[in-house]
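Notes for the one structure printed next.
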Amino acid sequence: MSTNEFIQHLYAQLKKVDTTFPDKELAEQFIDQVFNFLFLPNKKHHQFSDLEKELNILRGHLSSLIYDVTHKEEKAEKHTETFFAAIPALYETLIKDAKALLQFDPAARSVEEVLVAYPGFYATAVYRLSHQLWAQGVEILPRLFTEYAHSRTGVDIHPGAQIGEGFCIDHGTGIVIGETTVIGNNVKIYQGVTLGALHVSKETITKRHPTIEDNVTIYAGATILGGETVIGKDSIIGGNVWLTYSVPSFSVVYHKSEVKVRDKNPFPEPLNFVI
């Protein structure tokens, strides 16, 4: 392929992306603006009317982003109205998430600290906002939002996942929650947890990811796979556990490893070696 042919091919590909996807940078700005609007104090908000003005600006911003996906003005406006009508309920759910973090994390001093400083809460907030659009049938845009949160926090939650109230992500880095995951209420997840699929197939739409019932705690590094895998309510999944099968309610599942400690003198094995 000559340079000229490559440039023509590249131009056609970029043109296709430009007409199919909303502006990635504007999408990232929007989701941060919504998060800040809901949870971070702004010195510019001197009066009640200032919040109303900002809300209207956010409406216009989202409508433009959805229009870039649907290319239909009426549809974009309808989706925008539905999304913002859901904001009060989403806000209440997220406050419950923040209170769950405050309750479970001894390092947290206040709900306000959780709202401002905790990456797990930020990832959860972006997920819930994105899931609302996903449920409305808006394509592409929710994925841009959650992948942006993934890049900022290390928490990868697909917007199609279903997550109940009082969701608590502690530390967060390395968490992966797949598209068809179902999580109940008051579930706590630590860093490095994967709720994934046993296999990937695009031929049929099936439940590929596990179900986690109410009041389950999953400790760091655990991997739970499979659409038929159900973790029963009030269970504890220990660190580094690998699960591909269901466990009943009130279970404790743990991985046992052996660590030996001994005096290094005398120590027959070489400590200074090169591989």
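By order in the structure tokens, chains are A, B, ...; within a chain, residues start at 1; ligands start at 1, following the order shown.
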| request: Name the residues in contact with Lys207 (chain A) at a cut-off of 12 Å, using only C-alpha atoms, excluding same-chain residues fewer than 2 positions from it; report them as a list in words. | output: Gly160, Ala161, Gln162, Gly178, Glu179, Thr180, Thr181, Val182, Gly196, Ala197, Leu198, His199, Val200, Ser201, Lys202, Thr204, Ile205, His209, Pro210, Thr211, Leu225, Gly226, Gly227, Glu228, Thr229 and Val230 of chain A
Closest atom pairs, residues of region 44-100 of chain A within 12 Å of region 19-33 of chain A, only C-alpha atoms, as JSON lines:
{"residue": "A:Glu54", "atom": "CA", "partner": "A:Gln33", "partner_atom": "CA", "distance": 9.4}
{"residue": "A:Leu55", "atom": "CA", "partner": "A:Gln33", "partner_atom": "CA", "distance": 9.9}
{"residue": "A:Ile57", "atom": "CA", "partner": "A:Gln33", "partner_atom": "CA", "distance": 10.1}
{"residue": "A:Leu58", "atom": "CA", "partner": "A:Phe30", "partner_atom": "CA", "distance": 7.3}
{"residue": "A:Arg59", "atom": "CA", "partner": "A:Phe30", "partner_atom": "CA", "distance": 9.9}
{"residue": "A:Gly60", "atom": "CA", "partner": "A:Phe30", "partner_atom": "CA", "distance": 10.4}
{"residue": "A:His61", "atom": "CA", "partner": "A:Phe30", "partner_atom": "CA", "distance": 7.0}
{"residue": "A:Leu62", "atom": "CA", "partner": "A:Phe30", "partner_atom": "CA", "distance": 7.3}
{"residue": "A:Ser63", "atom": "CA", "partner": "A:Phe30", "partner_atom": "CA", "distance": 10.9}
{"residue": "A:Ser64", "atom": "CA", "partner": "A:Pro22", "partner_atom": "CA", "distance": 8.6}
{"residue": "A:Leu65", "atom": "CA", "partner": "A:Pro22", "partner_atom": "CA", "distance": 5.6}
{"residue": "A:Ile66", "atom": "CA", "partner": "A:Pro22", "partner_atom": "CA", "distance": 7.5}
{"residue": "A:Tyr67", "atom": "CA", "partner": "A:Pro22", "partner_atom": "CA", "distance": 8.2}
{"residue": "A:Asp68", "atom": "CA", "partner": "A:Pro22", "partner_atom": "CA", "distance": 5.1}
{"residue": "A:Val69", "atom": "CA", "partner": "A:Phe21", "partner_atom": "CA", "distance": 6.0}
{"residue": "A:Thr70", "atom": "CA", "partner": "A:Thr20", "partner_atom": "CA", "distance": 8.6}
{"residue": "A:His71", "atom": "CA", "partner": "A:Thr19", "partner_atom": "CA", "distance": 9.1}
| request: Have a look at A:Gln13, A:Asn215, A:Asn240, A:Asn186 and name the one nearest to Thr93 (chain A); count only C-alpha atoms. | output: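 Looking only at the distances to Thr93 (chain A), the closest residue turns out to be A:Asn186.
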| When distances are computed from only C-alpha atoms, which of A:Asp156, A:Glu52, A:Glu5, A:Asp234 shows the smallest separation from Asn185 (chain A)? |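 For Asn185 (chain A), the nearest of the given residues is A:Asp234.
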| task | Pick out the closest residue to Gln136 (chain A) from this set: A:Glu73, A:Glu81, A:Glu165, A:Asp105. Count only C-alpha atoms. | result |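 Checking each of A:Glu73, A:Glu81, A:Glu165, A:Asp105 against Gln136 (chain A), counting only C-alpha atoms, the winner is A:Glu81.
Among the candidates A:Gly154, A:Gly192, A:Gly137, A:Gly238, the one nearest to Val252 (chain A) when counting only C-alpha atoms is A:Gly238.
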| Which residue gives the smallest distance to Ala107 (chain A) among A:His171, A:Lys78, A:Ser49, A:Ile163, with only C-alpha atoms counted? |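 So, comparing all the options, the nearest one is A:His171.
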| Distance in Å - CA of Lys75 (chain A) versus CA of Pro159 (chain A) |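 Interatomic distance here is 20.5 Å.
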| message | What's the separation between CA of Ser249 (chain A) and CA of Val187 (chain A), in Å to one decimal place? | response | 13.5 Å
| request: Determine which residues of region 26-228 of chain A DSSP labels as strand (DSSP E or B) from the backbone of this structure, then write them out as a count of residues only. | output: 24
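Interatomic distance, CA of Val34 (chain A) against CA of Ala100 (chain A): 21.6 Å.
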| message | Which of region 67-224 of chain A end up as helix (DSSP H, G or I) when DSSP is run on this backbone - answer as an NGL selection string? | response | :A and (67-70 or 73-104 or 111-117 or 119-135 or 141-153)
| query | Leaving out region 124-127 of chain A and any residue of its chain fewer than 2 positions from it, which residues lie within 7 Å of it when counting only C-alpha atoms, given as an MDAnalysis selection string? | reply | chainID A and resid 94 120:122 129:131 145:146 149 157 159
Would you mind exporting all heavy atoms of the selected residues as an mmCIF file, in the first residue's frame?
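New file result-v3.cif:
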data_model
loop_
_atom_site.group_PDB
_atom_site.id
_atom_site.type_symbol
_atom_site.label_atom_id
_atom_site.label_comp_id
_atom_site.auth_asym_id
_atom_site.auth_seq_id
_atom_site.Cartn_x
_atom_site.Cartn_y
_atom_site.Cartn_z
ATOM 1 N N LEU A 94 -26.664 6.899 45.201
ATOM 2 C CA LEU A 94 -25.237 7.140 45.368
ATOM 3 C C LEU A 94 -24.894 7.609 46.774
ATOM 4 O O LEU A 94 -23.817 7.284 47.300
ATOM 5 C CB LEU A 94 -24.753 8.155 44.321
ATOM 6 C CG LEU A 94 -24.621 7.565 42.916
ATOM 7 C CD1 LEU A 94 -24.516 8.663 41.868
ATOM 8 C CD2 LEU A 94 -23.406 6.647 42.847
ATOM 9 N N GLY A 120 -13.192 4.746 44.399
ATOM 10 C CA GLY A 120 -14.229 3.725 44.275
ATOM 11 C C GLY A 120 -15.607 4.339 44.164
ATOM 12 O O GLY A 120 -16.460 3.861 43.406
ATOM 13 N N PHE A 121 -15.840 5.414 44.913
ATOM 14 C CA PHE A 121 -17.134 6.088 44.817
ATOM 15 C C PHE A 121 -17.277 6.771 43.461
ATOM 16 O O PHE A 121 -18.349 6.728 42.844
ATOM 17 C CB PHE A 121 -17.303 7.120 45.933
ATOM 18 C CG PHE A 121 -18.583 7.895 45.808
ATOM 19 C CD1 PHE A 121 -19.793 7.324 46.154
ATOM 20 C CD2 PHE A 121 -18.582 9.185 45.291
ATOM 21 C CE1 PHE A 121 -20.983 8.017 46.006
ATOM 22 C CE2 PHE A 121 -19.769 9.890 45.138
ATOM 23 C CZ PHE A 121 -20.974 9.304 45.494
ATOM 24 N N TYR A 122 -16.204 7.407 42.982
ATOM 25 C CA TYR A 122 -16.261 8.055 41.664
ATOM 26 C C TYR A 122 -16.609 7.028 40.584
ATOM 27 O O TYR A 122 -17.481 7.276 39.732
ATOM 28 C CB TYR A 122 -14.915 8.716 41.348
ATOM 29 C CG TYR A 122 -14.863 9.323 39.967
ATOM 30 C CD1 TYR A 122 -15.343 10.609 39.730
ATOM 31 C CD2 TYR A 122 -14.349 8.609 38.890
ATOM 32 C CE1 TYR A 122 -15.312 11.159 38.458
ATOM 33 C CE2 TYR A 122 -14.308 9.150 37.614
ATOM 34 C CZ TYR A 122 -14.789 10.424 37.405
ATOM 35 O OH TYR A 122 -14.765 10.956 36.141
ATOM 36 N N LEU A 129 -24.603 6.516 36.500
ATOM 37 C CA LEU A 129 -25.047 7.477 35.488
ATOM 38 C C LEU A 129 -25.019 6.834 34.103
ATOM 39 O O LEU A 129 -25.935 7.016 33.292
ATOM 40 C CB LEU A 129 -24.159 8.714 35.523
ATOM 41 C CG LEU A 129 -24.224 9.548 36.818
ATOM 42 C CD1 LEU A 129 -23.081 10.548 36.866
ATOM 43 C CD2 LEU A 129 -25.564 10.266 36.937
ATOM 44 N N SER A 130 -23.977 6.060 33.839
ATOM 45 C CA SER A 130 -23.836 5.397 32.535
ATOM 46 C C SER A 130 -24.886 4.308 32.357
ATOM 47 O O SER A 130 -25.433 4.126 31.268
ATOM 48 C CB SER A 130 -22.434 4.799 32.402
ATOM 49 O OG SER A 130 -21.437 5.780 32.571
ATOM 50 N N HIS A 131 -25.155 3.571 33.445
ATOM 51 C CA HIS A 131 -26.144 2.490 33.379
ATOM 52 C C HIS A 131 -27.529 3.032 33.043
ATOM 53 O O HIS A 131 -28.306 2.370 32.335
ATOM 54 C CB HIS A 131 -26.191 1.742 34.713
ATOM 55 C CG HIS A 131 -27.184 0.622 34.730
ATOM 56 N ND1 HIS A 131 -26.986 -0.577 34.061
ATOM 57 C CD2 HIS A 131 -28.412 0.515 35.323
ATOM 58 C CE1 HIS A 131 -28.026 -1.360 34.246
ATOM 59 N NE2 HIS A 131 -28.912 -0.716 35.006
ATOM 60 N N PHE A 145 -18.066 6.835 28.952
ATOM 61 C CA PHE A 145 -18.074 7.305 30.340
ATOM 62 C C PHE A 145 -17.355 6.318 31.262
ATOM 63 O O PHE A 145 -16.483 6.699 32.053
ATOM 64 C CB PHE A 145 -19.500 7.511 30.839
ATOM 65 C CG PHE A 145 -20.247 8.643 30.173
ATOM 66 C CD1 PHE A 145 -21.635 8.671 30.169
ATOM 67 C CD2 PHE A 145 -19.564 9.683 29.571
ATOM 68 C CE1 PHE A 145 -22.325 9.714 29.579
ATOM 69 C CE2 PHE A 145 -20.245 10.735 28.966
ATOM 70 C CZ PHE A 145 -21.630 10.742 28.969
ATOM 71 N N THR A 146 -17.749 5.033 31.199
ATOM 72 C CA THR A 146 -17.173 4.063 32.133
ATOM 73 C C THR A 146 -15.708 3.770 31.821
ATOM 74 O O THR A 146 -14.921 3.501 32.736
ATOM 75 C CB THR A 146 -17.971 2.747 32.140
ATOM 76 O OG1 THR A 146 -18.089 2.240 30.800
ATOM 77 C CG2 THR A 146 -19.365 2.964 32.718
ATOM 78 N N ALA A 149 -13.782 6.517 33.457
ATOM 79 C CA ALA A 149 -13.641 6.232 34.885
ATOM 80 C C ALA A 149 -12.609 5.133 35.116
ATOM 81 O O ALA A 149 -11.827 5.183 36.074
ATOM 82 C CB ALA A 149 -14.992 5.831 35.479
ATOM 83 N N ILE A 157 -16.052 -1.097 35.266
ATOM 84 C CA ILE A 157 -17.431 -1.584 35.411
ATOM 85 C C ILE A 157 -18.166 -1.364 34.093
ATOM 86 O O ILE A 157 -18.297 -0.225 33.635
ATOM 87 C CB ILE A 157 -18.184 -0.854 36.536
ATOM 88 C CG1 ILE A 157 -17.375 -0.847 37.833
ATOM 89 C CG2 ILE A 157 -19.548 -1.505 36.761
ATOM 90 C CD1 ILE A 157 -18.039 -0.077 38.963
ATOM 91 N N PRO A 159 -21.227 -0.682 31.793
ATOM 92 C CA PRO A 159 -22.495 -0.004 32.103
ATOM 93 C C PRO A 159 -23.709 -0.918 32.061
ATOM 94 O O PRO A 159 -24.769 -0.574 32.587
ATOM 95 C CB PRO A 159 -22.585 1.090 31.030
ATOM 96 C CG PRO A 159 -21.718 0.616 29.916
ATOM 97 C CD PRO A 159 -20.594 -0.129 30.574
#
| Near Val116 (chain A), within 12 Å and counting only C-alpha atoms, which residues show up once chain neighbours fewer than 3 positions away are dropped, as a list of chain:residue names? | A:Phe35, A:Asn36, A:Phe37, A:Leu38, A:Phe39, A:Leu40, A:Pro41, A:Ala98, A:Ala108, A:Arg109, A:Ser110, A:Val111, A:Glu112, A:Glu113, A:Pro119, A:Gly120, A:Phe121, A:Tyr122, A:Ala125
Take the residues from that selection and write them out as a short mmCIF file (atom, residue, chain, number, x, y, z; two decimals), in the first residue's frame, keeping all heavy atoms.
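Saved result, out-v8.cif, follows:
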data_model
loop_
_atom_site.label_atom_id
_atom_site.label_comp_id
_atom_site.auth_asym_id
_atom_site.auth_seq_id
_atom_site.Cartn_x
_atom_site.Cartn_y
_atom_site.Cartn_z
N PHE A 35 -20.69 14.82 37.74
CA PHE A 35 -20.21 14.39 39.05
C PHE A 35 -19.95 15.59 39.95
O PHE A 35 -20.38 15.61 41.11
CB PHE A 35 -18.93 13.56 38.90
CG PHE A 35 -18.39 13.05 40.21
CD1 PHE A 35 -18.84 11.85 40.74
CD2 PHE A 35 -17.45 13.78 40.92
CE1 PHE A 35 -18.37 11.38 41.97
CE2 PHE A 35 -16.97 13.32 42.14
CZ PHE A 35 -17.42 12.12 42.67
N ASN A 36 -19.27 16.58 39.42
CA ASN A 36 -18.98 17.78 40.21
C ASN A 36 -20.25 18.52 40.61
O ASN A 36 -20.37 19.02 41.73
CB ASN A 36 -18.06 18.72 39.42
CG ASN A 36 -16.68 18.13 39.19
OD1 ASN A 36 -16.29 17.17 39.85
ND2 ASN A 36 -15.95 18.68 38.24
N PHE A 37 -21.20 18.59 39.69
CA PHE A 37 -22.48 19.26 39.95
C PHE A 37 -23.21 18.60 41.13
O PHE A 37 -23.77 19.28 41.99
CB PHE A 37 -23.35 19.20 38.70
CG PHE A 37 -24.75 19.71 38.90
CD1 PHE A 37 -25.01 21.08 38.93
CD2 PHE A 37 -25.81 18.83 39.03
CE1 PHE A 37 -26.31 21.55 39.12
CE2 PHE A 37 -27.10 19.30 39.20
CZ PHE A 37 -27.36 20.66 39.25
N LEU A 38 -23.16 17.27 41.18
CA LEU A 38 -23.90 16.54 42.20
C LEU A 38 -23.18 16.51 43.55
O LEU A 38 -23.83 16.54 44.61
CB LEU A 38 -24.15 15.10 41.74
CG LEU A 38 -25.11 14.91 40.56
CD1 LEU A 38 -25.14 13.45 40.14
CD2 LEU A 38 -26.50 15.40 40.90
N PHE A 39 -21.85 16.47 43.54
CA PHE A 39 -21.15 16.13 44.77
C PHE A 39 -20.08 17.11 45.25
O PHE A 39 -19.69 17.05 46.41
CB PHE A 39 -20.51 14.74 44.63
CG PHE A 39 -21.50 13.66 44.32
CD1 PHE A 39 -21.51 13.03 43.08
CD2 PHE A 39 -22.46 13.29 45.25
CE1 PHE A 39 -22.42 12.04 42.79
CE2 PHE A 39 -23.39 12.30 44.97
CZ PHE A 39 -23.37 11.68 43.73
N LEU A 40 -19.59 17.97 44.38
CA LEU A 40 -18.50 18.85 44.79
C LEU A 40 -18.98 20.29 44.90
O LEU A 40 -19.64 20.80 43.98
CB LEU A 40 -17.34 18.78 43.79
CG LEU A 40 -16.72 17.39 43.58
CD1 LEU A 40 -15.50 17.48 42.68
CD2 LEU A 40 -16.34 16.75 44.91
N PRO A 41 -18.66 20.98 45.99
CA PRO A 41 -19.09 22.38 46.15
C PRO A 41 -18.41 23.28 45.13
O PRO A 41 -17.25 23.07 44.78
CB PRO A 41 -18.64 22.73 47.57
CG PRO A 41 -17.54 21.76 47.88
CD PRO A 41 -17.89 20.51 47.15
N ALA A 98 -22.19 5.96 49.29
CA ALA A 98 -21.18 6.70 50.06
C ALA A 98 -21.28 6.37 51.55
O ALA A 98 -20.26 6.20 52.23
CB ALA A 98 -21.36 8.21 49.85
N ALA A 108 -12.33 6.14 56.63
CA ALA A 108 -13.22 7.22 56.19
C ALA A 108 -13.76 7.97 57.40
O ALA A 108 -14.21 7.36 58.38
CB ALA A 108 -14.37 6.65 55.37
N ARG A 109 -13.70 9.30 57.34
CA ARG A 109 -14.13 10.12 58.47
C ARG A 109 -15.51 10.74 58.29
O ARG A 109 -16.15 11.14 59.23
CB ARG A 109 -13.10 11.24 58.70
CG ARG A 109 -11.72 10.73 59.08
CD ARG A 109 -11.73 10.07 60.46
NE ARG A 109 -10.40 9.64 60.87
CZ ARG A 109 -9.93 8.40 60.71
NH1 ARG A 109 -10.70 7.47 60.15
NH2 ARG A 109 -8.72 8.08 61.10
N SER A 110 -15.96 10.87 57.03
CA SER A 110 -17.26 11.49 56.78
C SER A 110 -17.74 11.12 55.39
O SER A 110 -16.95 10.70 54.53
CB SER A 110 -17.16 13.02 56.89
OG SER A 110 -16.34 13.53 55.84
N VAL A 111 -19.05 11.28 55.18
CA VAL A 111 -19.61 11.06 53.84
C VAL A 111 -18.98 12.03 52.85
O VAL A 111 -18.67 11.66 51.71
CB VAL A 111 -21.14 11.23 53.86
CG1 VAL A 111 -21.70 11.28 52.44
CG2 VAL A 111 -21.79 10.10 54.63
N GLU A 112 -18.75 13.26 53.30
CA GLU A 112 -18.17 14.28 52.41
C GLU A 112 -16.78 13.87 51.93
O GLU A 112 -16.42 14.09 50.78
CB GLU A 112 -18.10 15.62 53.14
CG GLU A 112 -19.47 16.28 53.38
CD GLU A 112 -20.27 15.58 54.46
OE1 GLU A 112 -19.66 14.94 55.35
OE2 GLU A 112 -21.52 15.67 54.41
N GLU A 113 -16.00 13.25 52.81
CA GLU A 113 -14.68 12.76 52.42
C GLU A 113 -14.79 11.69 51.34
O GLU A 113 -14.03 11.67 50.38
CB GLU A 113 -13.94 12.20 53.63
CG GLU A 113 -12.55 11.65 53.30
CD GLU A 113 -11.88 10.99 54.48
OE1 GLU A 113 -12.43 11.06 55.60
OE2 GLU A 113 -10.80 10.40 54.29
N PRO A 119 -11.80 7.09 45.01
CA PRO A 119 -11.93 6.69 43.61
C PRO A 119 -12.99 5.61 43.39
O PRO A 119 -13.62 5.56 42.34
CB PRO A 119 -10.53 6.17 43.25
CG PRO A 119 -9.90 5.84 44.56
CD PRO A 119 -10.46 6.80 45.55
N GLY A 120 -13.19 4.75 44.40
CA GLY A 120 -14.23 3.72 44.28
C GLY A 120 -15.61 4.34 44.16
O GLY A 120 -16.46 3.86 43.41
N PHE A 121 -15.84 5.41 44.91
CA PHE A 121 -17.13 6.09 44.82
C PHE A 121 -17.28 6.77 43.46
O PHE A 121 -18.35 6.73 42.84
CB PHE A 121 -17.30 7.12 45.93
CG PHE A 121 -18.58 7.89 45.81
CD1 PHE A 121 -19.79 7.32 46.15
CD2 PHE A 121 -18.58 9.18 45.29
CE1 PHE A 121 -20.98 8.02 46.01
CE2 PHE A 121 -19.77 9.89 45.14
CZ PHE A 121 -20.97 9.30 45.49
N TYR A 122 -16.20 7.41 42.98
CA TYR A 122 -16.26 8.05 41.66
C TYR A 122 -16.61 7.03 40.58
O TYR A 122 -17.48 7.28 39.73
CB TYR A 122 -14.92 8.72 41.35
CG TYR A 122 -14.86 9.32 39.97
CD1 TYR A 122 -15.34 10.61 39.73
CD2 TYR A 122 -14.35 8.61 38.89
CE1 TYR A 122 -15.31 11.16 38.46
CE2 TYR A 122 -14.31 9.15 37.61
CZ TYR A 122 -14.79 10.42 37.40
OH TYR A 122 -14.76 10.96 36.14
N ALA A 125 -20.23 6.09 40.86
CA ALA A 125 -21.11 7.17 40.38
C ALA A 125 -21.16 7.20 38.86
O ALA A 125 -22.24 7.30 38.27
CB ALA A 125 -20.62 8.52 40.92
#
